[in-house]
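J.: Pasting structure04.cif below, which is mmCIF, C-alpha atoms.
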data_run
loop_
_atom_site.label_atom_id
_atom_site.label_comp_id
_atom_site.auth_asym_id
_atom_site.auth_seq_id
_atom_site.Cartn_x
_atom_site.Cartn_y
_atom_site.Cartn_z
CA MET A 1 133.42 101.11 123.23
CA HIS A 2 131.33 100.41 120.14
CA LYS A 3 133.04 99.86 116.79
CA TYR A 4 131.30 102.73 114.96
CA ILE A 5 132.99 105.49 116.96
CA GLY A 6 135.11 106.43 113.90
CA ASN A 7 131.98 107.09 111.86
CA ILE A 8 130.52 109.18 114.66
CA ILE A 9 133.65 111.36 114.86
CA ARG A 10 133.99 111.69 111.07
CA PHE A 11 130.31 112.44 110.44
CA ASN A 12 130.11 115.10 113.15
CA ARG A 13 133.40 116.68 112.04
CA ILE A 14 132.18 116.97 108.43
CA LYS A 15 128.78 118.21 109.64
CA ALA A 16 130.56 120.90 111.71
CA LYS A 17 132.72 121.77 108.63
CA LYS A 18 135.93 121.25 110.58
CA THR A 19 139.22 119.85 109.29
CA GLN A 20 141.04 116.99 111.01
CA GLN A 21 143.71 119.50 112.03
CA GLU A 22 141.15 121.73 113.79
CA VAL A 23 139.58 118.83 115.68
CA ALA A 24 142.85 117.09 116.62
CA ALA A 25 144.75 120.22 117.76
CA GLY A 26 145.97 119.74 121.35
CA ILE A 27 144.23 116.36 121.70
CA CYS A 28 146.05 113.94 119.39
CA SER A 29 148.00 113.92 116.12
CA ILE A 30 146.18 114.32 112.78
CA SER A 31 147.31 110.83 111.72
CA HIS A 32 145.94 109.38 114.98
CA LEU A 33 142.56 111.07 114.39
CA SER A 34 142.56 109.80 110.81
CA LYS A 35 143.06 106.24 112.04
CA ILE A 36 140.32 106.68 114.66
CA GLU A 37 137.91 107.82 111.93
CA LYS A 38 138.84 104.83 109.77
CA GLY A 39 138.31 102.42 112.65
CA VAL A 40 141.99 101.42 112.81
CA TYR A 41 142.35 102.79 116.36
CA LEU A 42 139.78 102.90 119.13
CA PRO A 43 140.36 106.03 121.27
CA ASN A 44 140.55 105.81 125.04
CA GLN A 45 137.73 107.42 127.05
CA GLU A 46 139.64 110.64 127.71
CA THR A 47 140.53 111.21 124.03
CA LEU A 48 137.00 110.34 122.94
CA ASN A 49 135.47 112.81 125.43
CA LEU A 50 137.83 115.59 124.32
CA LEU A 51 137.13 115.01 120.60
CA LEU A 52 133.37 114.96 121.15
CA GLU A 53 133.53 118.02 123.38
CA ARG A 54 135.33 119.92 120.61
CA LEU A 55 132.54 118.89 118.23
CA GLY A 56 129.89 119.93 120.74
CA LYS A 57 128.64 116.36 121.22
CA LYS A 58 128.22 113.91 124.05
CA ILE A 59 127.51 110.19 123.71
CA ASP A 60 124.37 108.96 125.46
CA PHE A 61 124.82 105.35 126.52
CA GLU A 62 121.35 104.87 127.98
CA GLN A 63 120.23 101.39 126.93
CA GLU A 64 116.56 102.38 126.95
CA ARG A 65 117.27 105.30 124.61
CA HIS A 66 119.15 102.99 122.24
CA SER A 67 116.26 100.54 122.04
CA GLN A 68 113.91 103.44 121.17
CA LEU A 69 116.23 104.60 118.40
CA SER A 70 116.41 101.08 116.98
CA LYS A 71 112.64 100.59 117.09
CA LEU A 72 112.00 103.81 115.15
CA ILE A 73 114.32 102.64 112.37
CA ASP A 74 112.65 99.22 112.25
CA ASP A 75 109.23 100.89 112.12
CA PHE A 76 110.37 103.16 109.28
CA TYR A 77 111.60 100.26 107.13
CA TYR A 78 108.37 98.37 107.74
CA HIS A 79 106.32 101.34 106.45
CA TRP A 80 108.79 101.89 103.60
CA SER A 81 108.59 98.29 102.37
CA TYR A 82 104.77 98.43 102.42
CA SER A 83 104.67 101.89 100.75
CA GLU A 84 102.76 103.34 103.71
CA VAL A 85 103.60 106.96 102.87
CA SER A 86 101.87 108.81 105.71
CA GLN A 87 103.24 106.46 108.39
CA MET A 88 106.68 106.66 106.78
CA LYS A 89 106.61 110.46 106.96
CA LEU A 90 105.44 110.41 110.58
CA THR A 91 108.19 107.97 111.59
CA ILE A 92 110.96 109.91 109.82
CA GLU A 93 109.79 113.09 111.59
CA MET A 94 110.02 111.28 114.94
CA MET A 95 113.52 110.09 114.00
CA GLU A 96 114.62 113.60 113.03
CA LYS A 97 113.59 114.84 116.49
CA GLU A 98 116.08 112.31 117.87
CA GLU A 99 118.85 113.26 115.41
CA SER A 100 121.17 114.53 118.12
CA HIS A 101 121.08 111.04 119.65
CA TYR A 102 121.39 109.17 116.35
CA ILE A 103 124.54 110.98 115.25
CA VAL A 104 126.39 109.97 118.41
CA SER A 105 125.15 106.37 118.50
CA ASP A 106 125.74 103.00 116.88
CA TYR A 107 122.65 103.71 114.78
CA LEU A 108 124.18 106.58 112.78
CA ASN A 109 124.56 104.48 109.61
CA ARG A 110 121.05 103.06 109.80
CA TYR A 111 119.62 106.51 110.46
CA LEU A 112 121.32 107.97 107.36
CA LEU A 113 120.20 104.99 105.25
CA ALA A 114 116.60 105.44 106.41
CA GLN A 115 116.78 109.13 105.51
CA LEU A 116 118.13 108.21 102.07
CA ALA A 117 115.28 105.75 101.52
CA TYR A 118 112.77 108.45 102.52
CA GLU A 119 114.24 111.16 100.27
CA LEU A 120 114.31 108.74 97.32
CA ASN A 121 110.67 107.93 97.97
CA GLU A 122 109.88 111.68 98.12
CA LYS A 123 111.92 112.31 94.92
CA ASN A 124 114.16 114.87 96.65
CA TYR A 125 117.22 114.59 94.42
CA GLU A 126 119.53 117.07 96.18
CA LYS A 127 118.91 115.67 99.67
CA ALA A 128 119.28 112.10 98.40
CA GLU A 129 122.55 112.94 96.66
CA SER A 130 123.92 114.63 99.81
CA LEU A 131 123.02 111.61 101.96
CA LEU A 132 124.58 109.28 99.41
CA TYR A 133 127.78 111.32 99.61
CA ASN A 134 127.79 111.19 103.43
CA LEU A 135 127.29 107.44 103.41
CA ASP A 136 130.03 106.97 100.82
CA ASN A 137 132.37 108.81 103.18
CA LEU A 138 131.71 106.61 106.19
CA GLU A 139 134.59 104.22 106.78
CA ILE A 140 132.83 101.48 108.75
CA MET A 141 129.59 99.75 107.80
CA SER A 142 128.16 96.40 108.80
CA ASN A 143 127.30 93.84 106.10
CA ALA A 144 123.61 94.62 106.62
CA ASP A 145 124.23 98.37 106.18
CA ILE A 146 126.35 97.84 103.06
CA SER A 147 123.61 95.66 101.58
CA LYS A 148 120.95 98.32 102.22
CA PHE A 149 123.27 100.99 100.80
CA VAL A 150 123.74 99.01 97.55
CA VAL A 151 119.97 98.60 97.08
CA LEU A 152 119.32 102.31 97.69
CA LYS A 153 122.18 103.42 95.45
CA MET A 154 120.73 101.20 92.67
CA SER A 155 117.46 103.08 93.04
CA PHE A 156 119.22 106.47 93.03
CA LEU A 157 121.24 105.70 89.89
CA ASN A 158 118.16 104.40 88.09
CA LYS A 159 116.03 107.43 89.00
CA TYR A 160 118.54 110.23 88.56
CA LYS A 161 121.55 109.08 86.60
CA ASP A 162 121.63 106.29 84.03
CA SER A 163 119.83 102.94 83.96
CA LYS A 164 122.79 101.18 82.34
CA LYS A 165 125.11 102.44 85.08
CA ALA A 166 122.55 101.31 87.64
CA ALA A 167 122.46 97.84 86.05
CA GLU A 168 126.28 97.61 86.01
CA TYR A 169 126.44 98.71 89.66
CA ALA A 170 123.77 96.15 90.61
CA GLU A 171 125.54 93.29 88.85
CA SER A 172 128.97 94.11 90.28
CA ASN A 173 127.69 94.36 93.87
CA GLU A 174 125.29 91.41 94.04
CA ASN A 175 127.69 89.56 96.33
CA LEU A 176 127.18 92.29 98.98
CA ILE A 177 123.44 91.70 99.30
CA VAL A 178 122.38 89.91 102.48
CA SER A 179 119.40 87.55 102.58
CA ASP A 180 117.05 90.13 104.16
CA ASP A 181 117.53 92.42 101.13
CA LYS A 182 117.37 89.81 98.34
CA ALA A 183 113.72 90.50 97.49
CA GLU A 184 114.26 94.28 97.35
CA TYR A 185 117.44 93.77 95.31
CA PHE A 186 115.61 91.71 92.66
CA TYR A 187 112.76 94.24 92.72
CA GLN A 188 115.10 97.18 92.06
CA LYS A 189 116.86 95.22 89.30
CA GLY A 190 113.47 94.53 87.75
CA LEU A 191 112.75 98.28 87.73
CA ILE A 192 116.18 99.09 86.30
CA TYR A 193 115.82 96.66 83.39
CA SER A 194 112.15 97.42 82.81
CA TYR A 195 112.06 100.53 80.67
CA ASN A 196 115.38 101.25 79.08
CA ILE A 197 117.37 98.05 78.88
CA SER A 198 115.61 94.69 78.67
CA PRO A 199 111.94 93.88 79.39
CA SER A 200 112.78 90.16 79.32
CA LEU A 201 115.45 90.54 82.04
CA SER A 202 113.02 92.70 84.01
CA LEU A 203 110.52 89.83 83.94
CA ILE A 204 113.12 87.38 85.27
CA HIS A 205 114.05 89.63 88.22
CA MET A 206 110.47 90.67 88.98
CA ASN A 207 109.46 87.00 89.11
CA LYS A 208 112.24 86.37 91.64
CA ALA A 209 111.17 89.42 93.65
CA TYR A 210 107.51 88.36 93.53
CA GLU A 211 108.34 84.90 94.90
CA SER A 212 110.58 86.38 97.62
CA PHE A 213 108.03 88.98 98.71
CA GLY A 214 105.36 86.28 98.73
CA LYS A 215 107.32 84.31 101.31
CA GLY A 216 107.24 87.36 103.57
CA THR A 217 103.63 88.17 102.62
CA ASN A 218 104.50 91.71 101.48
CA PHE A 219 101.34 92.15 99.43
CA THR A 220 102.10 95.75 98.39
CA ARG A 221 105.43 94.88 96.76
CA MET A 222 103.88 91.76 95.19
CA ILE A 223 101.25 93.93 93.50
CA THR A 224 103.91 96.30 92.13
CA CYS A 225 105.92 93.34 90.82
CA LYS A 226 102.85 92.00 89.01
CA SER A 227 102.13 95.42 87.52
CA VAL A 228 105.66 95.80 86.13
CA MET A 229 105.51 92.24 84.79
CA ALA A 230 102.22 92.98 82.98
CA ILE A 231 103.73 96.11 81.37
CA ASN A 232 106.79 94.21 80.18
CA TYR A 233 104.80 91.28 78.80
CA SER A 234 102.94 93.89 76.75
CA ARG A 235 106.20 95.49 75.58
CA LEU A 236 107.40 92.09 74.40
CA GLY A 237 104.16 91.55 72.47
CA LEU A 238 103.05 88.73 74.79
CA MET A 239 99.52 90.07 75.00
CA LYS A 240 97.82 86.99 76.46
CA GLU A 241 100.34 86.83 79.28
CA ALA A 242 100.00 90.58 79.89
CA GLU A 243 96.21 90.46 80.05
CA LYS A 244 96.33 87.49 82.39
CA GLU A 245 98.53 89.50 84.76
CA TYR A 246 96.23 92.54 84.60
CA ILE A 247 93.10 90.50 85.30
CA GLU A 248 94.76 88.77 88.25
CA LEU A 249 96.02 92.13 89.52
CA LEU A 250 92.56 93.71 89.40
CA ARG A 251 91.09 90.71 91.19
CA MET A 252 93.73 90.89 93.92
CA LEU A 253 93.34 94.65 94.32
CA SER A 254 89.57 94.53 94.60
CA LYS A 255 90.12 92.44 97.74
CA PHE A 256 93.09 94.49 98.94
CA ARG A 257 91.02 97.72 98.95
CA ASN A 258 93.87 100.04 98.03
CA GLU A 259 92.09 102.64 95.88
CA ASN A 260 95.24 104.26 94.52
CA MET A 261 96.85 101.01 93.37
CA LEU A 262 93.53 99.74 92.01
CA HIS A 263 92.97 102.79 89.81
CA GLU A 264 96.60 102.95 88.68
CA THR A 265 96.28 99.31 87.59
CA ARG A 266 92.99 100.07 85.84
CA TYR A 267 94.67 102.93 83.99
CA ASN A 268 97.58 100.70 82.91
CA TYR A 269 95.10 98.04 81.79
CA GLY A 270 93.32 100.71 79.73
CA ILE A 271 96.64 101.60 78.07
CA PHE A 272 97.17 97.90 77.35
CA LEU A 273 93.73 97.64 75.72
CA LYS A 274 94.36 100.81 73.69
CA ASN A 275 97.70 99.48 72.45
CA ALA A 276 95.94 96.22 71.52
CA ASN A 277 93.48 98.30 69.40
CA ARG A 278 90.59 97.39 71.71
CA TYR A 279 89.40 100.97 71.91
CA ASP A 280 85.82 100.41 73.08
CA GLU A 281 87.04 98.38 76.07
CA ALA A 282 89.83 100.88 76.75
CA LEU A 283 87.39 103.79 76.89
CA VAL A 284 85.18 101.97 79.41
CA VAL A 285 88.24 101.37 81.64
CA PHE A 286 89.41 104.99 81.34
CA LYS A 287 85.91 106.21 82.21
CA SER A 288 86.04 104.13 85.41
CA CYS A 289 89.22 106.02 86.41
CA GLU A 290 88.02 109.50 85.50
CA GLN A 291 86.49 110.62 88.80
CA TYR A 292 89.26 109.18 90.96
CA PHE A 293 92.07 110.84 88.99
CA SER A 294 90.32 114.22 88.87
CA THR A 295 92.12 115.12 92.12
CA LYS A 296 95.53 113.83 91.04
CA GLU A 297 97.14 116.23 88.59
CA GLU A 298 99.75 114.09 86.84
CA HIS A 299 97.48 111.06 86.56
CA GLN A 300 94.62 113.27 85.39
CA CYS A 301 96.83 114.70 82.65
CA LEU A 302 97.87 111.27 81.37
CA LEU A 303 94.31 109.97 81.62
CA ILE A 304 93.03 112.89 79.51
CA LEU A 305 95.72 112.12 76.93
CA ALA A 306 94.81 108.39 76.85
CA MET A 307 91.08 109.09 76.56
CA TRP A 308 91.69 111.68 73.89
CA GLU A 309 93.67 109.34 71.67
CA THR A 310 91.19 106.51 72.26
CA LYS A 311 88.28 108.73 71.20
CA LEU A 312 90.19 109.76 68.08
CA HIS A 313 90.56 106.10 67.10
CA LEU A 314 86.84 105.59 67.72
CA ASN A 315 86.06 108.78 65.74
CA ASP A 316 84.13 109.79 68.83
CA LEU A 317 85.79 113.17 69.42
CA GLN A 318 83.39 115.91 68.35
CA GLU A 319 84.58 119.23 66.96
CA GLU A 320 83.49 121.16 70.06
CA GLU A 321 85.35 118.69 72.32
CA ILE A 322 88.74 119.35 70.69
CA LEU A 323 89.34 122.73 72.34
CA GLU A 324 87.98 121.46 75.65
CA PHE A 325 90.34 118.48 75.63
CA THR A 326 93.29 120.66 74.59
CA SER A 327 92.64 123.22 77.30
CA SER A 328 92.20 120.56 80.03
CA PHE A 329 95.27 118.65 78.95
CA LYS A 330 97.61 121.64 78.62
CA ASN A 331 96.42 123.02 81.96
CA SER A 332 97.11 119.67 83.67
CA ALA A 333 100.45 119.23 81.90
CA SER A 334 101.75 122.65 82.97
CA LYS A 335 100.61 122.12 86.58
CA CYS A 336 102.40 118.80 87.01
CA LYS A 337 105.44 119.92 84.99
CA LEU A 338 105.31 117.12 82.47
CA HIS A 339 107.93 116.90 79.75
CA LYS A 340 107.52 119.31 76.84
CA LYS A 341 106.88 116.39 74.49
CA TYR A 342 103.44 115.86 76.07
CA LEU A 343 102.46 119.42 75.19
CA VAL A 344 103.74 118.99 71.63
CA TYR A 345 101.85 115.72 71.49
CA ALA A 346 98.65 117.60 72.37
CA ASP A 347 99.22 119.90 69.38
CA LEU A 348 99.80 116.84 67.20
CA MET A 349 96.47 115.37 68.24
CA ILE A 350 94.69 118.61 67.36
CA LEU A 351 96.23 118.63 63.89
CA LYS A 352 95.44 114.92 63.47
CA SER A 353 91.81 115.43 64.45
CA LYS A 354 91.51 118.33 61.98
CA LYS A 355 93.21 116.23 59.29
CA ASN A 356 95.86 118.92 58.72
CA GLU A 357 98.45 116.46 57.49
CA LYS A 358 101.03 118.92 56.15
CA GLU A 359 101.32 120.84 59.42
CA TYR A 360 101.01 117.57 61.42
CA TYR A 361 104.07 115.99 59.78
CA ARG A 362 106.06 119.23 60.01
CA LEU A 363 105.44 119.47 63.76
CA LEU A 364 106.15 115.77 64.20
CA GLU A 365 109.51 115.96 62.44
CA THR A 366 110.69 119.32 63.80
CA ASN A 367 109.48 119.13 67.40
CA TYR A 368 108.15 115.81 68.67
CA LEU A 369 110.71 113.38 67.28
CA ARG A 370 113.51 115.68 68.43
CA LEU A 371 112.18 115.39 71.99
CA ILE A 372 112.31 111.58 71.96
CA GLU A 373 115.52 110.61 73.72
CA LYS A 374 115.52 106.84 73.50
CA GLU A 375 116.27 105.11 70.19
CA ASN A 376 113.59 102.41 70.59
CA SER A 377 110.96 105.09 71.32
CA TYR A 378 112.06 107.03 68.24
CA ILE A 379 111.69 103.96 66.02
CA GLU A 380 108.33 103.13 67.56
CA ILE A 381 106.97 106.66 67.08
CA ARG A 382 108.33 106.97 63.53
CA LYS A 383 106.80 103.65 62.54
CA ARG A 384 103.47 104.63 64.05
CA TYR A 385 103.17 108.14 62.65
CA LEU A 386 105.41 108.42 59.58
CA ASP A 387 105.76 105.01 57.98
CA SER A 388 102.12 103.91 58.29
#
Go ahead and render the structure in this file as structure tokens.
T.:
Amino acid sequence: MHKYIGNIIRFNRIKAKKTQQEVAAGICSISHLSKIEKGVYLPNQETLNLLLERLGKKIDFEQERHSQLSKLIDDFYYHWSYSEVSQMKLTIEMMEKEESHYIVSDYLNRYLLAQLAYELNEKNYEKAESLLYNLDNLEIMSNADISKFVVLKMSFLNKYKDSKKAAEYAESNENLIVSDDKAEYFYQKGLIYSYNISPSLSLIHMNKAYESFGKGTNFTRMITCKSVMAINYSRLGLMKEAEKEYIELLRMLSKFRNENMLHETRYNYGIFLKNANRYDEALVVFKSCEQYFSTKEEHQCLLILAMWETKLHLNDLQEEEILEFTSSFKNSASKCKLHKKYLVYADLMILKSKKNEKEYYRLLETNYLRLIEKENSYIEIRKRYLDS
């Protein structure tokens, strides 16, 4: 009998919303069932059949079926690691059709982990949180499953909870990461440190991830590593290093022929040029992205904002364009549910373009700065708009 039988019983009992007393009644003692679920005892065939029958389940031991279940999981992780969204979705749908087999097999843990990875990728917070809870409640996991769980929980904490907590969790569980997950572990740590904690530490971990992904020739992850590195070089004021990364990225992506990644990198390079006060070059780059992002609401909104500010610096925003820009931006912002601060920022740009300084500073102090949550962002914005 396989060693994950306790997880199978526990998962199906919780899924059926039954207590241990309800499941054990007339079959075995509650304490015996508890030890079975924890993997302390392995039930005999008769007890196992009775418990599963009460839960409305039956274990399928067909070897061919098991190999199919395993292959689907392997296929999913391949698509996941290469950010192949459509193939990932197709594979997870095929896996869900086999759910009744997964939840009574040795692959239960891997199935739940794959679902968690998918829901995180789809930004489905509630489903991801529920899966995380289910996985936390499983008593038995292999070293490989624990390693994958740690990496995915790092991502969850960083996206939905607190980056500092994610960093603490990552550091305290590094010893649980197996070799197959080292690259992804460094990659997630790089993302965690990138925005809210330490750009310099992000660079260290992204470099490690880049080297590890390179050994496995995962070009997609390598590109993302380079992109995050370029952004953090810029944040640290290392502009030559940042531009070098962007130029190399664009060269690599022109050969890779991934239109989405190419235009996202172009957009980020435009932001870099704008922040370096190279407005003419920035506008050319933004213009090259305009048509592609016209079908992508959130990117279109941010691109309009970047082009707007760039034109203001170039004094190239005509009076009649102001209302057009405002209308386009606010329409895009409301569609993609961007943070309120973007809409306030649009109002600020209108006031700035009309040189209404009194109202501009009032709105900045009363609305925009109040919406800035991070201390470093507050200081950066205040320095840029109030102290200059």
J.: Between A:Ser105, A:Asn158, A:Ser200, A:Thr47, which residue has the minimum interatomic distance to Val23 of chain A, considering all atoms listed in the file?
T.: A:Thr47
J.: Using all atoms listed in the file, which of the listed residues (A:Ile192, A:Leu176, A:Met261, A:Ile146) sits closest to Tyr160 of chain A?
T.: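 Among A:Ile192, A:Leu176, A:Met261, A:Ile146, it is A:Ile192 that comes nearest to Tyr160 of chain A.
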J.: I'd like the neighbourhood of segment 76-78 of chain A as a list in words, where a residue qualifies if any of its atoms comes within 8 Å (using only C-alpha atoms), though same-chain residues fewer than 2 positions away should be ignored.
T.: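 Once the adjacent positions are removed, what remains is Leu72, Ile73, Asp74, Trp80, Ser81, Tyr82, Gln87, Met88, Thr91, Ile92 and Ala114 of chain A.
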J.: Axis-aligned box over every listed atom of segment 199-212 of chain A, padded by 3 Å per side: centre and edges in Å to one decimal, as AutoDock Vina command-line options?
T.:
--center_x 111.5 --center_y 89.4 --center_z 88.5 --size_x 13.9 --size_y 15.0 --size_z 24.3
J.: What would the selection look like, as a list of chain:residue names, if the PyMOL selection byres ((chain A and resi 288) around 12) were run on the coordinates I just shared?
T.: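 Evaluating the PyMOL selection byres ((chain A and resi 288) around 12) on this file yields A:Leu262, A:His263, A:Glu264, A:Thr265, A:Arg266, A:Tyr267, A:Tyr269, A:Gly270, A:Glu281, A:Ala282, A:Leu283, A:Val284, A:Val285, A:Phe286, A:Lys287, A:Cys289, A:Glu290, A:Gln291, A:Tyr292, A:Phe293, A:Ser294, A:Leu303, A:Met307.
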J.: Between atom CA of Lys15 of chain A and atom CA of Asp145 of chain A, what is the spacing in Å?
T.: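 Between atom CA of Asp145 of chain A and atom CA of Lys15 of chain A the gap works out to 20.6 Å.
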J.: Translate the PyMOL selection byres ((chain A and resi 68) around 12), as applied to the file shown, into an explicit residue set as a list of chain:residue names.
T.: A:Glu62, A:Gln63, A:Glu64, A:Arg65, A:His66, A:Ser67, A:Leu69, A:Ser70, A:Lys71, A:Leu72, A:Ile73, A:Asp74, A:Asp75, A:Met94, A:Met95, A:Glu98, A:His101, A:Tyr102, A:Ser105, A:Tyr107
J.: Next, the residues of the selection above should be written as a PDB file, in the frame of the given file with C-alpha atoms.
T.:
ATOM      1  CA  GLU A  62     121.350 104.870 127.980  1.00  0.00           C
ATOM      2  CA  GLN A  63     120.230 101.390 126.930  1.00  0.00           C
ATOM      3  CA  GLU A  64     116.560 102.380 126.950  1.00  0.00           C
ATOM      4  CA  ARG A  65     117.270 105.300 124.610  1.00  0.00           C
ATOM      5  CA  HIS A  66     119.150 102.990 122.240  1.00  0.00           C
ATOM      6  CA  SER A  67     116.260 100.540 122.040  1.00  0.00           C
ATOM      7  CA  LEU A  69     116.230 104.600 118.400  1.00  0.00           C
ATOM      8  CA  SER A  70     116.410 101.080 116.980  1.00  0.00           C
ATOM      9  CA  LYS A  71     112.640 100.590 117.090  1.00  0.00           C
ATOM     10  CA  LEU A  72     112.000 103.810 115.150  1.00  0.00           C
ATOM     11  CA  ILE A  73     114.320 102.640 112.370  1.00  0.00           C
ATOM     12  CA  ASP A  74     112.650  99.220 112.250  1.00  0.00           C
ATOM     13  CA  ASP A  75     109.230 100.890 112.120  1.00  0.00           C
ATOM     14  CA  MET A  94     110.020 111.280 114.940  1.00  0.00           C
ATOM     15  CA  MET A  95     113.520 110.090 114.000  1.00  0.00           C
ATOM     16  CA  GLU A  98     116.080 112.310 117.870  1.00  0.00           C
ATOM     17  CA  HIS A 101     121.080 111.040 119.650  1.00  0.00           C
ATOM     18  CA  TYR A 102     121.390 109.170 116.350  1.00  0.00           C
ATOM     19  CA  SER A 105     125.150 106.370 118.500  1.00  0.00           C
ATOM     20  CA  TYR A 107     122.650 103.710 114.780  1.00  0.00           C
TER      21      TYR A 107
END
J.: Mind pulling up the distance from atom CA of Met141 of chain A to atom CA of Leu48 of chain A?
T.: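 So the answer is 19.9 Å.
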J.: Applied to this file, what does the PyMOL selection byres ((chain A and resi 39) around 9) return in terms of residues, put as a PyMOL selection string?
T.: chain A and resi 3-7+34-38+40-42+139-140
J.: So that I can look at just that part, could you write segment 278-292 of chain A with N, CA, C and O atoms, as a compact mmCIF listing (two decimals), in the first residue's frame?
T.:
# COMPACT_ATOMS: atom_id res chain seq x y z
N ARG A 278 15.92 61.33 -20.78
CA ARG A 278 16.17 61.21 -22.22
C ARG A 278 14.80 61.10 -22.92
O ARG A 278 14.42 60.07 -23.45
N TYR A 279 14.07 62.20 -22.89
CA TYR A 279 12.67 62.20 -23.27
C TYR A 279 12.44 61.94 -24.76
O TYR A 279 11.47 61.27 -25.13
N ASP A 280 13.28 62.50 -25.61
CA ASP A 280 13.11 62.27 -27.05
C ASP A 280 13.21 60.78 -27.39
O ASP A 280 12.40 60.23 -28.14
N GLU A 281 14.22 60.12 -26.80
CA GLU A 281 14.42 58.68 -27.04
C GLU A 281 13.26 57.88 -26.44
O GLU A 281 12.79 56.90 -27.04
N ALA A 282 12.81 58.31 -25.24
CA ALA A 282 11.72 57.61 -24.57
C ALA A 282 10.45 57.65 -25.42
O ALA A 282 9.75 56.63 -25.58
N LEU A 283 10.16 58.82 -26.00
CA LEU A 283 8.95 58.96 -26.79
C LEU A 283 8.98 58.05 -28.02
O LEU A 283 7.97 57.45 -28.39
N VAL A 284 10.14 57.92 -28.65
CA VAL A 284 10.28 57.03 -29.81
C VAL A 284 9.98 55.59 -29.40
O VAL A 284 9.28 54.86 -30.10
N VAL A 285 10.50 55.18 -28.24
CA VAL A 285 10.28 53.81 -27.75
C VAL A 285 8.80 53.60 -27.42
O VAL A 285 8.21 52.57 -27.79
N PHE A 286 8.18 54.57 -26.74
CA PHE A 286 6.76 54.44 -26.41
C PHE A 286 5.91 54.35 -27.67
O PHE A 286 4.94 53.58 -27.72
N LYS A 287 6.26 55.14 -28.68
CA LYS A 287 5.52 55.12 -29.94
C LYS A 287 5.58 53.73 -30.59
O LYS A 287 4.62 53.27 -31.20
N SER A 288 6.73 53.05 -30.43
CA SER A 288 6.88 51.72 -31.02
C SER A 288 6.00 50.68 -30.31
O SER A 288 5.73 49.61 -30.84
N CYS A 289 5.54 51.00 -29.09
CA CYS A 289 4.69 50.09 -28.32
C CYS A 289 3.20 50.38 -28.50
O CYS A 289 2.36 49.55 -28.15
N GLU A 290 2.89 51.56 -29.03
CA GLU A 290 1.53 52.07 -29.00
C GLU A 290 0.51 51.13 -29.63
O GLU A 290 -0.50 50.79 -29.03
N GLN A 291 0.77 50.68 -30.84
CA GLN A 291 -0.20 49.84 -31.54
C GLN A 291 -0.38 48.49 -30.84
O GLN A 291 -1.49 47.99 -30.71
N TYR A 292 0.73 47.91 -30.38
CA TYR A 292 0.65 46.59 -29.75
C TYR A 292 -0.18 46.63 -28.47
O TYR A 292 -1.00 45.75 -28.21
